[in-house]
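Trainee: Pasting run-v3.tsv here (TSV, C-alpha atoms and all ligand atoms):
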chain	number	residue	atom	x	y	z
C	28	MET	CA	-0.41	53.73	-40.49
C	29	PRO	CA	2.97	53.99	-38.77
C	30	GLY	CA	4.72	51.41	-36.59
C	31	SER	CA	5.96	47.87	-37.05
C	32	PRO	CA	3.31	45.34	-38.05
C	33	VAL	CA	1.37	43.69	-35.24
C	34	ILE	CA	1.18	40.51	-37.33
C	35	ASP	CA	3.79	39.65	-39.93
C	36	VAL	CA	3.26	36.46	-41.94
C	37	GLU	CA	5.86	35.57	-44.53
C	38	ARG	CA	5.54	32.71	-47.02
C	39	LEU	CA	3.42	30.58	-44.70
C	40	HIS	CA	2.65	26.96	-45.55
C	41	VAL	CA	0.30	24.84	-43.41
C	42	THR	CA	-0.07	21.14	-44.08
C	43	TYR	CA	-2.25	18.28	-42.79
C	44	GLY	CA	-0.34	15.14	-43.75
C	45	ASP	CA	0.14	15.37	-47.52
C	46	PHE	CA	-2.51	18.06	-47.90
C	47	GLU	CA	-1.30	21.64	-48.19
C	48	ALA	CA	-4.11	23.77	-46.71
C	49	VAL	CA	-2.19	27.09	-46.90
C	50	ARG	CA	0.40	27.84	-49.57
C	51	ASP	CA	2.95	30.62	-49.64
C	52	LEU	CA	0.78	33.15	-47.79
C	53	SER	CA	2.25	36.52	-46.83
C	54	LEU	CA	0.40	39.33	-45.09
C	55	GLN	CA	0.94	42.08	-42.58
C	56	VAL	CA	-1.52	43.65	-40.15
C	57	ARG	CA	-0.69	47.16	-38.97
C	58	PRO	CA	-1.30	48.68	-35.54
C	59	GLY	CA	-4.89	49.83	-35.03
C	60	GLU	CA	-6.11	48.24	-38.24
C	61	LEU	CA	-9.21	46.09	-38.70
C	62	TYR	CA	-8.10	43.39	-41.14
C	63	ALA	CA	-10.71	40.95	-42.47
C	64	LEU	CA	-9.44	37.62	-43.76
C	65	LEU	CA	-12.20	36.41	-46.03
C	66	GLY	CA	-12.56	33.42	-48.28
C	67	THR	CA	-14.47	30.45	-49.52
C	68	ASN	CA	-15.15	27.43	-47.31
C	69	GLY	CA	-11.96	25.49	-46.75
C	70	ALA	CA	-9.81	28.34	-48.14
C	71	GLY	CA	-7.39	28.10	-45.21
C	72	LYS	CA	-8.44	31.07	-43.04
C	73	THR	CA	-8.75	29.16	-39.76
C	74	SER	CA	-5.54	27.24	-40.46
C	75	THR	CA	-3.73	30.55	-40.98
C	76	LEU	CA	-5.19	32.09	-37.83
C	77	GLU	CA	-4.34	28.99	-35.80
C	78	VAL	CA	-0.66	29.47	-36.64
C	79	VAL	CA	-0.90	33.18	-35.78
C	80	GLU	CA	-2.55	32.26	-32.47
C	81	GLY	CA	0.19	29.74	-31.68
C	82	HIS	CA	-2.26	26.82	-31.76
C	83	ARG	CA	-0.68	25.20	-34.80
C	84	ARG	CA	2.84	25.04	-36.19
C	85	ALA	CA	3.66	26.15	-39.69
C	86	ALA	CA	5.11	23.60	-42.11
C	87	SER	CA	7.32	26.45	-43.31
C	88	GLY	CA	7.43	30.24	-43.37
C	89	ALA	CA	7.79	32.87	-40.68
C	90	VAL	CA	5.10	34.33	-38.43
C	91	ARG	CA	5.76	37.17	-35.97
C	92	ILE	CA	3.27	38.69	-33.50
C	93	PHE	CA	4.49	41.94	-31.97
C	94	GLY	CA	7.86	40.91	-33.42
C	95	ARG	CA	7.82	37.61	-31.47
C	96	SER	CA	7.16	34.00	-32.36
C	97	PRO	CA	3.54	32.94	-31.65
C	98	GLN	CA	5.08	30.06	-29.69
C	99	ASP	CA	6.57	32.59	-27.25
C	100	ARG	CA	3.35	32.38	-25.27
C	101	ARG	CA	4.53	34.18	-22.18
C	102	ALA	CA	5.33	37.30	-24.22
C	103	VAL	CA	2.50	37.13	-26.72
C	104	ARG	CA	-0.62	35.73	-25.03
C	105	PRO	CA	-1.24	38.56	-22.53
C	106	ARG	CA	-1.33	40.96	-25.50
C	107	MET	CA	-3.73	38.89	-27.61
C	108	GLY	CA	-7.43	37.93	-27.16
C	109	ILE	CA	-8.79	35.08	-29.25
C	110	MET	CA	-12.35	34.12	-30.15
C	111	LEU	CA	-12.20	30.67	-31.70
C	112	GLN	CA	-14.96	29.08	-33.78
C	113	GLU	CA	-15.44	26.59	-30.95
C	114	SER	CA	-14.01	26.91	-27.48
C	115	GLY	CA	-13.77	24.52	-24.60
C	116	PHE	CA	-15.69	25.95	-21.66
C	117	SER	CA	-16.58	23.61	-18.85
C	118	PRO	CA	-20.37	23.03	-19.13
C	119	ASP	CA	-20.88	23.07	-15.34
C	120	LEU	CA	-19.31	26.47	-14.66
C	121	THR	CA	-21.50	29.56	-14.66
C	122	VAL	CA	-21.03	32.31	-17.22
C	123	GLU	CA	-19.56	34.59	-14.57
C	124	GLU	CA	-17.13	31.90	-13.37
C	125	SER	CA	-16.09	31.12	-16.96
C	126	VAL	CA	-15.32	34.77	-17.76
C	127	GLY	CA	-13.41	35.11	-14.47
C	128	LEU	CA	-11.41	31.92	-15.08
C	129	PHE	CA	-10.53	32.59	-18.72
C	130	GLY	CA	-9.87	36.22	-17.87
C	131	ALA	CA	-7.40	35.22	-15.17
C	132	LEU	CA	-5.70	32.81	-17.60
C	133	SER	CA	-5.26	35.65	-20.11
C	134	GLY	CA	-2.91	37.44	-17.73
C	135	ARG	CA	-4.85	40.69	-18.18
C	136	ASP	CA	-6.81	42.66	-15.59
C	137	ASP	CA	-10.45	43.57	-15.98
C	138	ASP	CA	-13.73	43.72	-14.13
C	139	VAL	CA	-15.83	40.61	-14.81
C	140	GLY	CA	-19.06	42.63	-14.48
C	141	ARG	CA	-17.88	45.10	-17.13
C	142	VAL	CA	-16.95	42.33	-19.55
C	143	LEU	CA	-20.33	40.61	-19.01
C	144	GLY	CA	-21.97	43.97	-19.74
C	145	VAL	CA	-20.18	44.68	-23.04
C	146	SER	CA	-20.84	41.10	-24.15
C	147	GLY	CA	-24.56	41.24	-23.34
C	148	LEU	CA	-24.33	38.48	-20.74
C	149	THR	CA	-25.21	40.26	-17.49
C	150	ARG	CA	-28.64	38.61	-17.29
C	151	LYS	CA	-27.09	35.19	-17.89
C	152	LYS	CA	-24.22	35.49	-15.41
C	153	ASP	CA	-25.56	32.78	-13.09
C	154	ALA	CA	-26.58	30.36	-15.86
C	155	SER	CA	-24.31	27.37	-16.43
C	156	VAL	CA	-22.54	27.13	-19.78
C	157	SER	CA	-24.59	24.03	-20.64
C	158	GLN	CA	-27.77	26.12	-20.42
C	159	LEU	CA	-26.68	28.74	-22.96
C	160	SER	CA	-28.10	29.01	-26.46
C	161	GLY	CA	-25.74	28.93	-29.46
C	162	GLY	CA	-25.75	32.73	-29.75
C	163	GLU	CA	-25.15	33.17	-26.02
C	164	LYS	CA	-22.15	30.80	-26.24
C	165	ARG	CA	-20.74	33.01	-29.01
C	166	ARG	CA	-21.13	36.01	-26.69
C	167	LEU	CA	-19.24	34.12	-24.00
C	168	ASP	CA	-16.47	33.36	-26.52
C	169	PHE	CA	-16.37	37.07	-27.32
C	170	ALA	CA	-16.30	38.03	-23.63
C	171	THR	CA	-13.17	35.97	-22.95
C	172	ALA	CA	-11.46	37.36	-26.09
C	173	VAL	CA	-11.98	41.01	-25.11
C	174	PHE	CA	-11.29	40.57	-21.38
C	175	GLY	CA	-8.75	43.20	-20.37
C	176	GLY	CA	-8.88	45.05	-23.72
C	177	PRO	CA	-6.00	43.21	-25.45
C	178	GLU	CA	-3.82	45.03	-27.98
C	179	LEU	CA	-4.68	42.41	-30.61
C	180	VAL	CA	-8.06	40.69	-30.89
C	181	ILE	CA	-8.57	37.76	-33.26
C	182	LEU	CA	-12.21	36.93	-34.01
C	183	ASP	CA	-12.97	33.78	-36.04
C	184	GLU	CA	-16.49	34.16	-37.46
C	185	PRO	CA	-17.62	36.23	-34.45
C	186	THR	CA	-21.18	36.93	-35.61
C	187	THR	CA	-22.14	33.48	-36.89
C	188	GLY	CA	-25.34	32.42	-35.14
C	189	LEU	CA	-25.98	35.85	-33.61
C	190	ASP	CA	-29.28	37.68	-34.07
C	191	ILE	CA	-29.22	41.22	-35.42
C	192	GLN	CA	-29.27	42.94	-31.98
C	193	SER	CA	-26.41	40.76	-30.75
C	194	ARG	CA	-24.43	41.49	-33.91
C	195	ASP	CA	-24.92	45.22	-33.48
C	196	ALA	CA	-23.86	44.94	-29.82
C	197	LEU	CA	-20.77	42.93	-30.77
C	198	TRP	CA	-19.73	45.49	-33.41
C	199	ALA	CA	-20.28	48.31	-30.92
C	200	ALA	CA	-17.93	46.51	-28.51
C	201	VAL	CA	-15.38	46.05	-31.32
C	202	ASP	CA	-15.66	49.77	-32.14
C	203	ARG	CA	-14.90	50.62	-28.49
C	204	LEU	CA	-11.85	48.34	-28.51
C	205	ARG	CA	-10.61	50.06	-31.64
C	206	GLU	CA	-11.13	53.49	-30.11
C	207	ASP	CA	-8.86	52.29	-27.32
C	208	GLY	CA	-6.25	51.36	-29.94
C	209	SER	CA	-6.71	47.59	-30.34
C	210	THR	CA	-5.85	45.89	-33.61
C	211	VAL	CA	-8.55	43.51	-34.84
C	212	VAL	CA	-8.28	40.56	-37.22
C	213	LEU	CA	-11.42	38.69	-38.13
C	214	THR	CA	-12.89	36.16	-40.47
C	215	THR	CA	-16.53	36.26	-41.52
C	216	HIS	CA	-18.82	34.95	-44.22
C	217	TYR	CA	-21.02	38.07	-43.86
C	218	LEU	CA	-19.34	40.11	-46.56
C	219	GLU	CA	-21.37	43.25	-45.90
C	220	GLU	CA	-19.93	43.36	-42.35
C	221	ALA	CA	-16.40	43.28	-43.74
C	222	GLN	CA	-17.29	45.78	-46.46
C	223	GLN	CA	-18.57	48.24	-43.85
C	224	ARG	CA	-15.89	47.81	-41.22
C	225	ALA	CA	-12.58	46.51	-42.54
C	226	ASP	CA	-9.69	48.87	-43.23
C	227	ARG	CA	-8.20	46.15	-45.43
C	228	ILE	CA	-9.36	42.79	-46.65
C	229	GLY	CA	-7.43	39.68	-47.65
C	230	LEU	CA	-9.30	37.29	-49.92
C	231	MET	CA	-8.29	33.63	-49.70
C	232	HIS	CA	-9.27	30.83	-52.04
C	233	ASP	CA	-8.00	27.28	-52.14
C	234	GLY	CA	-5.07	27.82	-49.77
C	235	THR	CA	-3.69	31.06	-51.18
C	236	LEU	CA	-4.19	34.78	-50.65
C	237	ARG	CA	-5.62	35.85	-54.01
C	238	ARG	CA	-6.34	39.53	-53.43
C	239	GLU	CA	-5.65	42.13	-50.76
C	240	GLY	CA	-6.58	45.78	-50.29
C	241	THR	CA	-9.20	48.25	-49.18
C	242	VAL	CA	-12.80	47.70	-50.30
C	243	VAL	CA	-12.31	50.39	-52.96
C	244	GLU	CA	-9.10	48.80	-54.24
C	245	LEU	CA	-10.77	45.39	-54.46
C	246	THR	CA	-13.99	46.51	-56.09
C	247	GLN	CA	-12.61	49.05	-58.60
C	248	THR	CA	-11.01	46.28	-60.67
C	249	LEU	CA	-14.45	44.95	-61.65
C	250	PRO	CA	-17.05	46.82	-63.69
C	251	SER	CA	-20.32	48.10	-62.22
C	252	VAL	CA	-23.49	46.65	-63.68
C	253	ILE	CA	-26.68	48.23	-65.03
C	254	THR	CA	-29.62	45.92	-65.73
C	255	PHE	CA	-33.04	46.68	-67.12
C	256	ALA	CA	-35.77	45.31	-69.36
C	257	LEU	CA	-37.74	47.04	-72.11
C	258	PRO	CA	-41.47	47.01	-72.68
C	259	PRO	CA	-42.65	45.24	-75.87
C	260	GLY	CA	-42.15	47.28	-79.03
C	261	ALA	CA	-39.55	49.64	-77.52
C	262	PRO	CA	-36.68	50.71	-79.82
C	263	GLU	CA	-33.13	49.43	-79.29
C	264	PRO	CA	-31.34	51.35	-76.53
C	265	PRO	CA	-27.85	52.91	-76.97
C	266	THR	CA	-26.18	50.25	-74.85
C	267	VAL	CA	-24.74	46.82	-75.43
C	268	GLY	CA	-25.27	43.42	-73.88
C	269	ALA	CA	-28.43	41.39	-73.35
C	270	ARG	CA	-28.99	38.40	-71.11
C	271	ASN	CA	-32.20	36.35	-70.79
C	272	GLY	CA	-34.22	39.04	-72.51
C	273	ALA	CA	-33.03	41.69	-70.01
C	274	PHE	CA	-30.24	44.12	-70.75
C	275	HIS	CA	-27.04	43.75	-68.79
C	276	VAL	CA	-24.46	46.52	-69.15
C	277	GLU	CA	-21.02	46.23	-67.55
C	278	THR	CA	-19.33	49.59	-67.17
C	279	PHE	CA	-16.44	51.40	-65.53
C	280	ASP	CA	-18.36	54.64	-66.10
C	281	LEU	CA	-21.53	53.94	-64.12
C	282	GLN	CA	-22.68	57.53	-63.83
C	283	GLY	CA	-21.99	58.40	-67.48
C	284	ASP	CA	-23.63	55.29	-68.91
C	285	LEU	CA	-26.60	55.59	-66.59
C	286	TYR	CA	-27.04	59.22	-67.60
C	287	ARG	CA	-26.92	58.30	-71.32
C	288	LEU	CA	-29.40	55.46	-70.83
C	289	LEU	CA	-31.91	57.57	-68.88
C	290	ASP	CA	-31.51	60.45	-71.32
C	291	TRP	CA	-32.26	58.08	-74.21
C	292	ALA	CA	-35.27	56.56	-72.38
C	293	HIS	CA	-36.66	60.00	-71.59
C	294	GLY	CA	-36.20	61.20	-75.18
C	295	ALA	CA	-37.71	58.02	-76.66
C	296	GLY	CA	-40.60	57.98	-74.18
C	297	VAL	CA	-39.59	54.51	-72.98
C	298	GLU	CA	-40.21	53.38	-69.42
C	299	LEU	CA	-37.34	51.13	-68.36
C	300	GLU	CA	-38.48	48.10	-66.40
C	301	GLU	CA	-36.67	46.48	-63.46
C	302	LEU	CA	-33.90	49.08	-63.65
C	303	GLU	CA	-31.02	48.34	-61.27
C	304	ALA	CA	-27.65	50.03	-61.12
C	305	GLY	CA	-25.02	49.93	-58.44
C	306	PRO	CA	-21.32	49.93	-57.70
C	307	THR	CA	-19.41	46.67	-57.56
C	308	ARG	CA	-19.82	44.92	-54.23
C	309	LEU	CA	-17.48	42.61	-52.39
C	310	ASP	CA	-19.84	39.75	-53.31
C	311	ASP	CA	-19.00	40.37	-56.97
C	312	VAL	CA	-15.25	40.28	-56.26
C	313	PHE	CA	-15.83	37.02	-54.42
C	314	ARG	CA	-17.77	35.44	-57.25
C	315	ALA	CA	-15.09	36.49	-59.74
C	316	LEU	CA	-12.48	34.89	-57.48
C	317	GLU	CA	-14.32	31.55	-57.41
C	318	ALA	CA	-14.94	31.63	-61.15
C	319	ALA	CA	-11.27	32.34	-61.96
C	401	LIG	N1	-7.21	18.91	-38.79
C	401	LIG	C1	-7.29	18.82	-40.11
C	401	LIG	N2	-6.92	17.70	-40.76
C	401	LIG	C2	-7.00	17.61	-42.11
C	401	LIG	N3	-7.45	18.61	-42.91
C	401	LIG	C3	-7.85	19.74	-42.31
C	401	LIG	C4	-7.79	19.91	-40.89
C	401	LIG	N4	-8.24	21.15	-40.59
C	401	LIG	C5	-8.55	21.72	-41.77
C	401	LIG	N5	-8.33	20.89	-42.80
C	401	LIG	C6	-8.53	21.17	-44.22
C	401	LIG	O1	-7.75	22.29	-44.57
C	401	LIG	C7	-8.47	23.15	-45.46
C	401	LIG	C8	-8.54	24.54	-44.87
C	401	LIG	O2	-9.38	24.49	-43.72
C	401	LIG	P1	-9.67	25.80	-42.84
C	401	LIG	O3	-10.51	25.37	-41.68
C	401	LIG	O4	-8.39	26.49	-42.58
C	401	LIG	O5	-10.52	26.65	-43.87
C	401	LIG	P2	-11.42	27.95	-43.64
C	401	LIG	O6	-11.02	28.92	-44.70
C	401	LIG	O7	-11.33	28.41	-42.24
C	401	LIG	O8	-12.86	27.37	-43.96
C	401	LIG	P3	-14.36	27.73	-43.45
C	401	LIG	O9	-14.70	29.06	-44.05
C	401	LIG	O10	-15.15	26.62	-44.08
C	401	LIG	O11	-14.36	27.72	-41.96
C	401	LIG	C9	-9.82	22.47	-45.68
C	401	LIG	O12	-9.77	21.75	-46.90
C	401	LIG	C10	-9.97	21.54	-44.51
C	401	LIG	O13	-10.75	20.40	-44.87
Please rewrite the model in this file as structure tokens.
Ligand SMILES: Nc1ncnc2c1ncn2[C@@H]1O[C@H](COP(=O)(O)OP(=O)(O)OP(=O)(O)O)[C@@H](O)[C@H]1O

Mentor:
Amino acid sequence: MPGSPVIDVERLHVTYGDFEAVRDLSLQVRPGELYALLGTNGAGKTSTLEVVEGHRRAASGAVRIFGRSPQDRRAVRPRMGIMLQESGFSPDLTVEESVGLFGALSGRDDDVGRVLGVSGLTRKKDASVSQLSGGEKRRLDFATAVFGGPELVILDEPTTGLDIQSRDALWAAVDRLREDGSTVVLTTHYLEEAQQRADRIGLMHDGTLRREGTVVELTQTLPSVITFALPPGAPEPPTVGARNGAFHVETFDLQGDLYRLLDWAHGAGVELEELEAGPTRLDDVFRALEAA
């Protein structure tokens, strides 16, 4: 993708007292990209995003948003919408008032009714914030982030606590933003959402960025797995590896090995039990990261 990076993080360190929560992290997010920053609990994702958002200062390193310092709020904030894990809405304001107020503070123009609509909050517009459910509060957080269609949207665990319809609606709204050219950075613990939607993924563990790339780049470094069991008395199959009585085959040639196994089973008249075969998933990359 052409153009200067929307976010440019170089050798970032974030500390809390003596504790170094983020160490030597470098990453770039390109215009129009959906970049998912994933990681284990406490890996340092929120700390990193807080520096990018201008809410926290780096201990060292350089962070540029649209080529500017995140502290240059006047230049940067109107171009950036942020959905925090927890935000500070006044409990007595209505949903409509909250969207209007936070929208006005963003410095962007939009129609409050439109934003309530894309966030699934039209029916709740007259409810006070204190009356909202957890999922409805997340929708309100989302509404204020996407007000005015910012060029950069940062979503910290946007779908946590949302039911499946609300998640689908949120992703549809994100898709529309992207069609309009917005760049999106998000964190999530729902790996399948990142696997489906992210152009690139950064995987953090214990304060550092351990891996980065497309889903294909991340998953092709690990073998695919075939598992099956044999009925009693069956002959030995032409594969290696057994675990807990079931066979466990790790392969970089999934199709070839599966073909050979099924061909053998057919020829030997053996019915394979509990046969499972599939490409490497992001979950597997994650588990390998934690085990390393
Ligand atoms: N204000 C703080 N004071 C001290 N330590 C903190 C503070 N905020 C975060 N930490 C610590 O820094 C580390 C990174 O936290 P951070 O919230 O950035 O992780 P995360 O990757 O977003 O985690 P999660 O997925 O659990 O939300 C954790 O060990 C956390 O306990």

Trainee: To check your reading of the model: which residues sit at most 9 Å from ligand LIG 401 (chain C) when counting only C-alpha atoms and all ligand atoms? Write the answer as a PyMOL selection string.

Mentor: chain C and resi 41-44+46-49+64-77+112+183-184+214-216+231-234

Trainee: Measuring atom to atom with all atoms listed in the file, identify which of C:Phe255, C:Trp198, C:Phe174, C:Trp291 is nearest to C:Asp138.

Mentor: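 The closest residue to C:Asp138 is C:Phe174.
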
Trainee: Find the residues around C:Pro32 up to 9 Å (all atoms listed in the file counted), leave out those fewer than 5 positions away in its own chain, and share them as a PyMOL selection string.

Mentor: chain C and resi 55-58+91-94

Trainee: Please tell me which residues are no farther than 12 Å from (-9.9, 32.9, -18.9) in the file, counting all atoms listed in the file, and write them as a PDB file with C-alpha atoms, in the frame of the given file.

Mentor:
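File result.pdb, as written:
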ATOM      1  CA  ARG C 104      -0.620  35.730 -25.030  1.00  0.00           C
ATOM      2  CA  PRO C 105      -1.240  38.560 -22.530  1.00  0.00           C
ATOM      3  CA  GLY C 108      -7.430  37.930 -27.160  1.00  0.00           C
ATOM      4  CA  ILE C 109      -8.790  35.080 -29.250  1.00  0.00           C
ATOM      5  CA  MET C 110     -12.350  34.120 -30.150  1.00  0.00           C
ATOM      6  CA  SER C 114     -14.010  26.910 -27.480  1.00  0.00           C
ATOM      7  CA  GLY C 115     -13.770  24.520 -24.600  1.00  0.00           C
ATOM      8  CA  PHE C 116     -15.690  25.950 -21.660  1.00  0.00           C
ATOM      9  CA  SER C 117     -16.580  23.610 -18.850  1.00  0.00           C
ATOM     10  CA  VAL C 122     -21.030  32.310 -17.220  1.00  0.00           C
ATOM     11  CA  GLU C 123     -19.560  34.590 -14.570  1.00  0.00           C
ATOM     12  CA  GLU C 124     -17.130  31.900 -13.370  1.00  0.00           C
ATOM     13  CA  SER C 125     -16.090  31.120 -16.960  1.00  0.00           C
ATOM     14  CA  VAL C 126     -15.320  34.770 -17.760  1.00  0.00           C
ATOM     15  CA  GLY C 127     -13.410  35.110 -14.470  1.00  0.00           C
ATOM     16  CA  LEU C 128     -11.410  31.920 -15.080  1.00  0.00           C
ATOM     17  CA  PHE C 129     -10.530  32.590 -18.720  1.00  0.00           C
ATOM     18  CA  GLY C 130      -9.870  36.220 -17.870  1.00  0.00           C
ATOM     19  CA  ALA C 131      -7.400  35.220 -15.170  1.00  0.00           C
ATOM     20  CA  LEU C 132      -5.700  32.810 -17.600  1.00  0.00           C
ATOM     21  CA  SER C 133      -5.260  35.650 -20.110  1.00  0.00           C
ATOM     22  CA  GLY C 134      -2.910  37.440 -17.730  1.00  0.00           C
ATOM     23  CA  ARG C 135      -4.850  40.690 -18.180  1.00  0.00           C
ATOM     24  CA  ASP C 136      -6.810  42.660 -15.590  1.00  0.00           C
ATOM     25  CA  ASP C 137     -10.450  43.570 -15.980  1.00  0.00           C
ATOM     26  CA  VAL C 139     -15.830  40.610 -14.810  1.00  0.00           C
ATOM     27  CA  VAL C 142     -16.950  42.330 -19.550  1.00  0.00           C
ATOM     28  CA  LEU C 167     -19.240  34.120 -24.000  1.00  0.00           C
ATOM     29  CA  ASP C 168     -16.470  33.360 -26.520  1.00  0.00           C
ATOM     30  CA  PHE C 169     -16.370  37.070 -27.320  1.00  0.00           C
ATOM     31  CA  ALA C 170     -16.300  38.030 -23.630  1.00  0.00           C
ATOM     32  CA  THR C 171     -13.170  35.970 -22.950  1.00  0.00           C
ATOM     33  CA  ALA C 172     -11.460  37.360 -26.090  1.00  0.00           C
ATOM     34  CA  VAL C 173     -11.980  41.010 -25.110  1.00  0.00           C
ATOM     35  CA  PHE C 174     -11.290  40.570 -21.380  1.00  0.00           C
ATOM     36  CA  GLY C 175      -8.750  43.200 -20.370  1.00  0.00           C
TER      37      GLY C 175
END

Trainee: Identify which of the residues C:Gly240, C:Arg95, C:Gly305, C:Leu197 lies closest to C:Gly144, counting only C-alpha atoms when measuring atom-to-atom distances.

Mentor: C:Leu197

Trainee: My list of candidates is C:Gly260, C:Gln282, C:Ser96, C:Thr254. Which is closest to C:Glu303 when distances are computed with all atoms listed in the file?

Mentor: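 When distances to C:Glu303 are compared using all atoms listed in the file, the smallest one comes from C:Thr254.
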
Trainee: Rounded to one decimal place, report the atom CA of C:Gly81-atom CA of C:Ala102 distance in Å.

Mentor: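 Computing the Euclidean distance for atom CA of C:Gly81 and atom CA of C:Ala102 yields 11.8 Å.
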
Trainee: Excluding stretch 83-88 of chain C and its own-chain neighbours fewer than 3 positions away, which residues fall within 6 Å of it when counting all atoms listed in the file? Please give them as a ChimeraX atom specification.

Mentor: /C:37-41,77-78

Trainee: Taking all atoms listed in the file into account, name the residue in C:Ser157, C:Leu143, C:Pro264, C:Val312 that is nearest to C:Asp290.

Mentor: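 Checking each of C:Ser157, C:Leu143, C:Pro264, C:Val312 against C:Asp290, counting all atoms listed in the file, the winner is C:Pro264.
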
Trainee: Report the distance between atom CA of C:Glu277 and atom CA of C:Thr235 in Å, rounded to one decimal place.

Mentor: 28.3 Å

Trainee: My list of candidates is C:Val180, C:Val211, C:Ala225, C:Val156. Which is closest to C:Glu239 when distances are computed with only C-alpha atoms?

Mentor: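 Of all the options, C:Ala225 lies closest to C:Glu239.
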
Trainee: Please report the interatomic distance between atom CA of C:Arg165 and atom CA of C:Arg314 in Å with one decimal.

Mentor: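 Going from atom CA of C:Arg165 over to atom CA of C:Arg314 covers 28.5 Å.
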
Trainee: Please list as a VMD selection string every residue within 9 Å of C:Ser209, counting only C-alpha atoms and excluding residues in the same chain fewer than 4 positions away.

Mentor: chain C and resid 58 to 61 176 to 180 201 203 to 205

Trainee: Do a neighbour search on C:Val36 at 6 Å with all atoms listed in the file, toss out local chain neighbours closer than 5 positions, and write the hits as a ChimeraX atom specification.

Mentor: /C:53-54,89-90

Trainee: Tell me which protein, DNA and RNA residues are within 8 Å of C:Pro258, counting all atoms listed in the file, leaving out same-chain ones fewer than 4 positions away, and put them as a list in words.

Mentor: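 Once the nearby chain positions are removed, what remains is Val297, Glu298, Leu299 and Glu300 of chain C.
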